[in-house]
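Asks: Next up is a structure, given as structure tokens.
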Amino acid sequence: MNIDEATNLLWQATQNNESPGAALHKQLTMDDAYRVQLNIVARRQAAGENLAGWKIGLSAASARRAFGLSAPVFAPLFAQRHFSSGNTFNHEAIRKPLIESELCFTIGRRLAGPGVTPAQVLAAVSAVAPAFEVIDMRVNMVEDMPLGVADDVAQWGYVTGAALSPYPTTLDLGAITVEMKRNGDVFARVVGKDVIDNQLESIAWLANHLATYGLALEPGQQIMSGSFTKPTPVSKGDRWESIFSSVGSVSATFA
């Protein structure tokens with residue numbers, strides 16, 4: 001299957017709010033997947049949506065091993081699906097909602113690969129905020145990761161709390177603890193260095209990989225840098241809150 005055919009099939013599924021059909025299963029390489037994904041980004045922008053930034057997935061070595069990959073994956077974020085902390089979502093509007101606790105970085109200075117380093121990322125980041133990623137698991141990525149990448153690595157939307165700005169350059173990302181609560185009860189408590197790659201290294205990877213497709217990290221773009229917590233199913237009526245030490249808190253309700 002060629003890239004244009006795959007793009008058309010995935011675009012049709014997206015427009016119909018459907019999961020990608022069987023015709024796309026096991027049809028794409030990883031490079032194909034990114035080209036399809038970026039074709040869909042272009043169509044969404046042409047339809048009036050605004051690219052807000054990018055998400056990084058599989059940002060822990062253990063997660064990559066589970067999928068047989070040696071590098072993370074990326075997908076777009078759109079401004080129309082960016083929500084403020086405290087937002088109430090319609091649970092039924094998301095087919096298979098799951099939630100993850102993440103940090104959201106804002107780029108203050110353009111980063112264009114190849115050759116971007118974590119030190120350059122540190123100098124370029126302007127803010128960081130506590131965040132949730134809301135995902136909609138439309139594709140079985142264990143069976144077909146390229147199709148999952150083409151379909152935005154399950155990205156549905158993201159929620160951010162108050163940002164720290166300017167970015168505190170002495171922030172020890174590995175030492176950050178996250179306490180995630182569901183309906184007031186502690187659901188998970190983790191330490192960054194135990195569960196996630198160094199976020200500055202992940203953002204450097206993203207800038208360098210985007211360069212493969214003629215893209216860069218632009219000022220104002222937001223980067224969801226990977227999850228501290230495992231993707232967790234959301235039930236109707238849930239209220240979630242995550243408290244990030246040294247950063248702040250974020251909350252969301254699903255009614």
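If you're wondering about the labels, chains in the structure tokens are A, B, ... by order shown, residues count from 1 in each chain, ligands from 1 in order shown.
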Got a sec: who's within 7 Å of region 26-31 of chain A, counting only C-alpha atoms, leaving out chain neighbours fewer than 6 positions off, as a PyMOL selection string?
Replies: chain A and resi 1+144+146-147
Asks: Please produce a file of those selected residues containing all heavy atoms, as a PDB file, in the first residue's frame.
Replies:
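Output saved as out08.pdb:
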ATOM      1  N   MET A   1       0.843  -1.197   0.000  1.00  0.00           N
ATOM      2  CA  MET A   1       0.000   0.000   0.000  1.00  0.00           C
ATOM      3  C   MET A   1       0.879   1.248   0.000  1.00  0.00           C
ATOM      4  O   MET A   1       1.832   1.339   0.795  1.00  0.00           O
ATOM      5  CB  MET A   1      -0.900   0.000   1.245  1.00  0.00           C
ATOM      6  CG  MET A   1      -1.797   1.239   1.353  1.00  0.00           C
ATOM      7  SD  MET A   1      -2.889   1.173   2.787  1.00  0.00           S
ATOM      8  CE  MET A   1      -3.899  -0.273   2.382  1.00  0.00           C
ATOM      9  N   ASP A 144       0.548  -3.833  16.109  1.00  0.00           N
ATOM     10  CA  ASP A 144       0.872  -3.028  14.928  1.00  0.00           C
ATOM     11  C   ASP A 144       1.276  -1.614  15.354  1.00  0.00           C
ATOM     12  O   ASP A 144       0.489  -0.665  15.262  1.00  0.00           O
ATOM     13  CB  ASP A 144      -0.348  -2.977  13.995  1.00  0.00           C
ATOM     14  CG  ASP A 144       0.008  -2.466  12.596  1.00  0.00           C
ATOM     15  OD1 ASP A 144       1.109  -1.926  12.421  1.00  0.00           O
ATOM     16  OD2 ASP A 144      -0.846  -2.611  11.689  1.00  0.00           O
ATOM     17  N   PRO A 146       3.468   0.497  13.894  1.00  0.00           N
ATOM     18  CA  PRO A 146       3.436   1.518  12.845  1.00  0.00           C
ATOM     19  C   PRO A 146       2.054   2.126  12.621  1.00  0.00           C
ATOM     20  O   PRO A 146       1.927   3.342  12.451  1.00  0.00           O
ATOM     21  CB  PRO A 146       3.953   0.765  11.608  1.00  0.00           C
ATOM     22  CG  PRO A 146       4.857  -0.269  12.178  1.00  0.00           C
ATOM     23  CD  PRO A 146       4.162  -0.726  13.433  1.00  0.00           C
ATOM     24  N   LEU A 147       1.005   1.306  12.646  1.00  0.00           N
ATOM     25  CA  LEU A 147      -0.333   1.852  12.490  1.00  0.00           C
ATOM     26  C   LEU A 147      -0.682   2.758  13.666  1.00  0.00           C
ATOM     27  O   LEU A 147      -1.317   3.802  13.503  1.00  0.00           O
ATOM     28  CB  LEU A 147      -1.370   0.730  12.351  1.00  0.00           C
ATOM     29  CG  LEU A 147      -2.813   1.174  12.120  1.00  0.00           C
ATOM     30  CD1 LEU A 147      -2.935   2.113  10.923  1.00  0.00           C
ATOM     31  CD2 LEU A 147      -3.726  -0.037  11.947  1.00  0.00           C
TER      32      LEU A 147
END
Asks: Give me the residues near Glu143 (chain A) as a ChimeraX atom specification, where near means some atom within 12 Å (using only C-alpha atoms) and where sequence neighbours in that chain fewer than 5 positions away do not count.
Replies: /A:25-27,66-68,148
Asks: How close does each residue of region 152-209 of chain A get to region 53-63 of chain A, giving the shortest atom pair and distance in Å to one decimal for every residue with an atom at most 10 Å away, counting only C-alpha atoms, sorted by chain and residue number, as JSON lines?
Replies:
{"residue": "A:Asp152", "atom": "CA", "partner": "A:Lys55", "partner_atom": "CA", "distance": 8.9}
{"residue": "A:Val153", "atom": "CA", "partner": "A:Gly57", "partner_atom": "CA", "distance": 7.2}
{"residue": "A:Ala154", "atom": "CA", "partner": "A:Gly57", "partner_atom": "CA", "distance": 9.7}
{"residue": "A:Gln155", "atom": "CA", "partner": "A:Lys55", "partner_atom": "CA", "distance": 8.1}
{"residue": "A:Tyr158", "atom": "CA", "partner": "A:Lys55", "partner_atom": "CA", "distance": 9.7}
{"residue": "A:Lys193", "atom": "CA", "partner": "A:Ala60", "partner_atom": "CA", "distance": 9.8}
{"residue": "A:Asp194", "atom": "CA", "partner": "A:Ala60", "partner_atom": "CA", "distance": 9.2}
{"residue": "A:Val195", "atom": "CA", "partner": "A:Ala60", "partner_atom": "CA", "distance": 6.4}
{"residue": "A:Ile196", "atom": "CA", "partner": "A:Ala60", "partner_atom": "CA", "distance": 4.6}
{"residue": "A:Asp197", "atom": "CA", "partner": "A:Ala60", "partner_atom": "CA", "distance": 5.2}
{"residue": "A:Asn198", "atom": "CA", "partner": "A:Ser59", "partner_atom": "CA", "distance": 8.5}
{"residue": "A:Gln199", "atom": "CA", "partner": "A:Ser59", "partner_atom": "CA", "distance": 8.2}
{"residue": "A:Glu201", "atom": "CA", "partner": "A:Ser59", "partner_atom": "CA", "distance": 9.9}
{"residue": "A:Ser202", "atom": "CA", "partner": "A:Ser59", "partner_atom": "CA", "distance": 7.1}
{"residue": "A:Ile203", "atom": "CA", "partner": "A:Ile56", "partner_atom": "CA", "distance": 7.9}
{"residue": "A:Trp205", "atom": "CA", "partner": "A:Ile56", "partner_atom": "CA", "distance": 9.4}
{"residue": "A:Leu206", "atom": "CA", "partner": "A:Ile56", "partner_atom": "CA", "distance": 7.4}
Asks: Report as a ChimeraX atom specification all protein, DNA and RNA residues lying within 12 Å of Arg95 (chain A), evaluated on only C-alpha atoms, omitting residues in the same chain fewer than 3 positions from it.
Replies: /A:17-19,90-92,98,134-139,154,156,233-236
Asks: Go ahead and dump the residues you just picked, N, CA, C and O atoms, as a PDB file, in the first residue's frame.
Replies:
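Generated file (part-v8.pdb):
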ATOM      1  N   ASN A  17     -14.787   9.264  12.892  1.00  0.00           N
ATOM      2  CA  ASN A  17     -14.596   8.923  14.304  1.00  0.00           C
ATOM      3  C   ASN A  17     -14.589   7.413  14.514  1.00  0.00           C
ATOM      4  O   ASN A  17     -15.173   6.875  15.449  1.00  0.00           O
ATOM      5  N   GLU A  18     -13.882   6.723  13.616  1.00  0.00           N
ATOM      6  CA  GLU A  18     -13.782   5.268  13.661  1.00  0.00           C
ATOM      7  C   GLU A  18     -12.328   4.853  13.855  1.00  0.00           C
ATOM      8  O   GLU A  18     -11.395   5.598  13.549  1.00  0.00           O
ATOM      9  N   SER A  19     -12.138   3.647  14.348  1.00  0.00           N
ATOM     10  CA  SER A  19     -10.792   3.079  14.405  1.00  0.00           C
ATOM     11  C   SER A  19     -10.330   2.743  12.994  1.00  0.00           C
ATOM     12  O   SER A  19     -11.158   2.431  12.126  1.00  0.00           O
ATOM     13  N   ASN A  90     -16.678  15.068  28.688  1.00  0.00           N
ATOM     14  CA  ASN A  90     -17.783  14.147  28.449  1.00  0.00           C
ATOM     15  C   ASN A  90     -17.178  12.771  28.203  1.00  0.00           C
ATOM     16  O   ASN A  90     -16.563  12.537  27.150  1.00  0.00           O
ATOM     17  N   HIS A  91     -17.319  11.888  29.148  1.00  0.00           N
ATOM     18  CA  HIS A  91     -16.700  10.566  29.052  1.00  0.00           C
ATOM     19  C   HIS A  91     -17.119   9.841  27.776  1.00  0.00           C
ATOM     20  O   HIS A  91     -16.308   9.148  27.139  1.00  0.00           O
ATOM     21  N   GLU A  92     -18.357  10.014  27.372  1.00  0.00           N
ATOM     22  CA  GLU A  92     -18.872   9.285  26.214  1.00  0.00           C
ATOM     23  C   GLU A  92     -18.325   9.813  24.895  1.00  0.00           C
ATOM     24  O   GLU A  92     -18.461   9.157  23.855  1.00  0.00           O
ATOM     25  N   LEU A  98      -8.110   6.733  28.287  1.00  0.00           N
ATOM     26  CA  LEU A  98      -7.103   6.408  29.293  1.00  0.00           C
ATOM     27  C   LEU A  98      -6.384   7.708  29.645  1.00  0.00           C
ATOM     28  O   LEU A  98      -6.422   8.686  28.890  1.00  0.00           O
ATOM     29  N   VAL A 134      -4.670  12.668  27.701  1.00  0.00           N
ATOM     30  CA  VAL A 134      -5.857  11.825  27.535  1.00  0.00           C
ATOM     31  C   VAL A 134      -5.684  11.081  26.230  1.00  0.00           C
ATOM     32  O   VAL A 134      -5.484  11.688  25.172  1.00  0.00           O
ATOM     33  N   ILE A 135      -5.708   9.774  26.300  1.00  0.00           N
ATOM     34  CA  ILE A 135      -5.504   8.971  25.101  1.00  0.00           C
ATOM     35  C   ILE A 135      -6.741   8.125  24.800  1.00  0.00           C
ATOM     36  O   ILE A 135      -7.540   7.816  25.681  1.00  0.00           O
ATOM     37  N   ASP A 136      -6.878   7.803  23.525  1.00  0.00           N
ATOM     38  CA  ASP A 136      -7.982   6.991  23.029  1.00  0.00           C
ATOM     39  C   ASP A 136      -7.352   5.832  22.274  1.00  0.00           C
ATOM     40  O   ASP A 136      -6.823   6.013  21.175  1.00  0.00           O
ATOM     41  N   MET A 137      -7.378   4.661  22.872  1.00  0.00           N
ATOM     42  CA  MET A 137      -6.642   3.517  22.336  1.00  0.00           C
ATOM     43  C   MET A 137      -7.393   2.911  21.157  1.00  0.00           C
ATOM     44  O   MET A 137      -8.154   1.953  21.270  1.00  0.00           O
ATOM     45  N   ARG A 138      -7.166   3.498  19.981  1.00  0.00           N
ATOM     46  CA  ARG A 138      -7.890   3.104  18.775  1.00  0.00           C
ATOM     47  C   ARG A 138      -7.234   1.937  18.048  1.00  0.00           C
ATOM     48  O   ARG A 138      -7.850   1.297  17.214  1.00  0.00           O
ATOM     49  N   VAL A 139      -5.944   1.707  18.337  1.00  0.00           N
ATOM     50  CA  VAL A 139      -5.166   0.687  17.633  1.00  0.00           C
ATOM     51  C   VAL A 139      -4.466  -0.188  18.670  1.00  0.00           C
ATOM     52  O   VAL A 139      -3.976   0.310  19.691  1.00  0.00           O
ATOM     53  N   ALA A 154      -2.271   7.184  19.734  1.00  0.00           N
ATOM     54  CA  ALA A 154      -3.461   7.225  20.595  1.00  0.00           C
ATOM     55  C   ALA A 154      -3.744   8.605  21.187  1.00  0.00           C
ATOM     56  O   ALA A 154      -4.596   8.733  22.065  1.00  0.00           O
ATOM     57  N   TRP A 156      -5.404  11.905  22.101  1.00  0.00           N
ATOM     58  CA  TRP A 156      -6.737  12.485  21.975  1.00  0.00           C
ATOM     59  C   TRP A 156      -6.719  13.953  22.409  1.00  0.00           C
ATOM     60  O   TRP A 156      -7.240  14.827  21.721  1.00  0.00           O
ATOM     61  N   PRO A 233      -7.165   3.176  32.410  1.00  0.00           N
ATOM     62  CA  PRO A 233      -8.534   3.395  31.945  1.00  0.00           C
ATOM     63  C   PRO A 233      -9.295   4.359  32.844  1.00  0.00           C
ATOM     64  O   PRO A 233      -9.125   4.375  34.071  1.00  0.00           O
ATOM     65  N   VAL A 234     -10.129   5.162  32.217  1.00  0.00           N
ATOM     66  CA  VAL A 234     -10.925   6.167  32.918  1.00  0.00           C
ATOM     67  C   VAL A 234     -12.388   5.720  32.914  1.00  0.00           C
ATOM     68  O   VAL A 234     -12.926   5.361  31.863  1.00  0.00           O
ATOM     69  N   SER A 235     -13.021   5.766  34.077  1.00  0.00           N
ATOM     70  CA  SER A 235     -14.441   5.429  34.186  1.00  0.00           C
ATOM     71  C   SER A 235     -15.275   6.693  34.286  1.00  0.00           C
ATOM     72  O   SER A 235     -14.799   7.739  34.744  1.00  0.00           O
ATOM     73  N   LYS A 236     -16.498   6.598  33.858  1.00  0.00           N
ATOM     74  CA  LYS A 236     -17.419   7.726  33.970  1.00  0.00           C
ATOM     75  C   LYS A 236     -17.565   8.124  35.432  1.00  0.00           C
ATOM     76  O   LYS A 236     -17.770   7.272  36.300  1.00  0.00           O
TER      77      LYS A 236
END
Asks: Among region 11-228 of chain A, which ones does DSSP place in strand (DSSP E), written as a ChimeraX atom specification?
Replies: /A:51-57,73-78,82-84,87-89,97-107,125-136,155-160,177-182,185-191,222-227
Asks: Quick check, in Å to one decimal: how far apart do CA of Gly48 (chain A) and CA of Ala127 (chain A) lie?
Replies: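 Calculated distance between CA of Gly48 (chain A) and CA of Ala127 (chain A) is 26.5 Å.
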Asks: Report the residues of region 49-132 of chain A whose backbone DSSP state falls under alpha helix (DSSP H), written as an MDAnalysis selection string.
Replies: chainID A and resid 61:67 118:124
Asks: Skipping near chain neighbours, those fewer than 6 positions away, what residues fall within 9 Å of region 165-178 of chain A using only C-alpha atoms, listed as a VMD selection string?
Replies: chain A and resid 101 105 to 106 122 to 123 125 to 129 188 to 194 196 to 200 228 to 229 242 to 247
Asks: Kindly give the distance, in Å, that separates CA of Thr160 (chain A) and CA of Phe132 (chain A), rounded to a single decimal.
Replies: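 Spanning CA of Thr160 (chain A) to CA of Phe132 (chain A) is a straight-line distance of 6.6 Å.
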Asks: Closest to Ile40 (chain A) among A:Leu111, A:Ala252, A:Asp151, A:Asn140, using only C-alpha atoms?
Replies: A:Asp151
Asks: For CA of Val116 (chain A) and CA of Met224 (chain A), quote the distance in Å rounded to one decimal.
Replies: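 It comes out at 17.8 Å.
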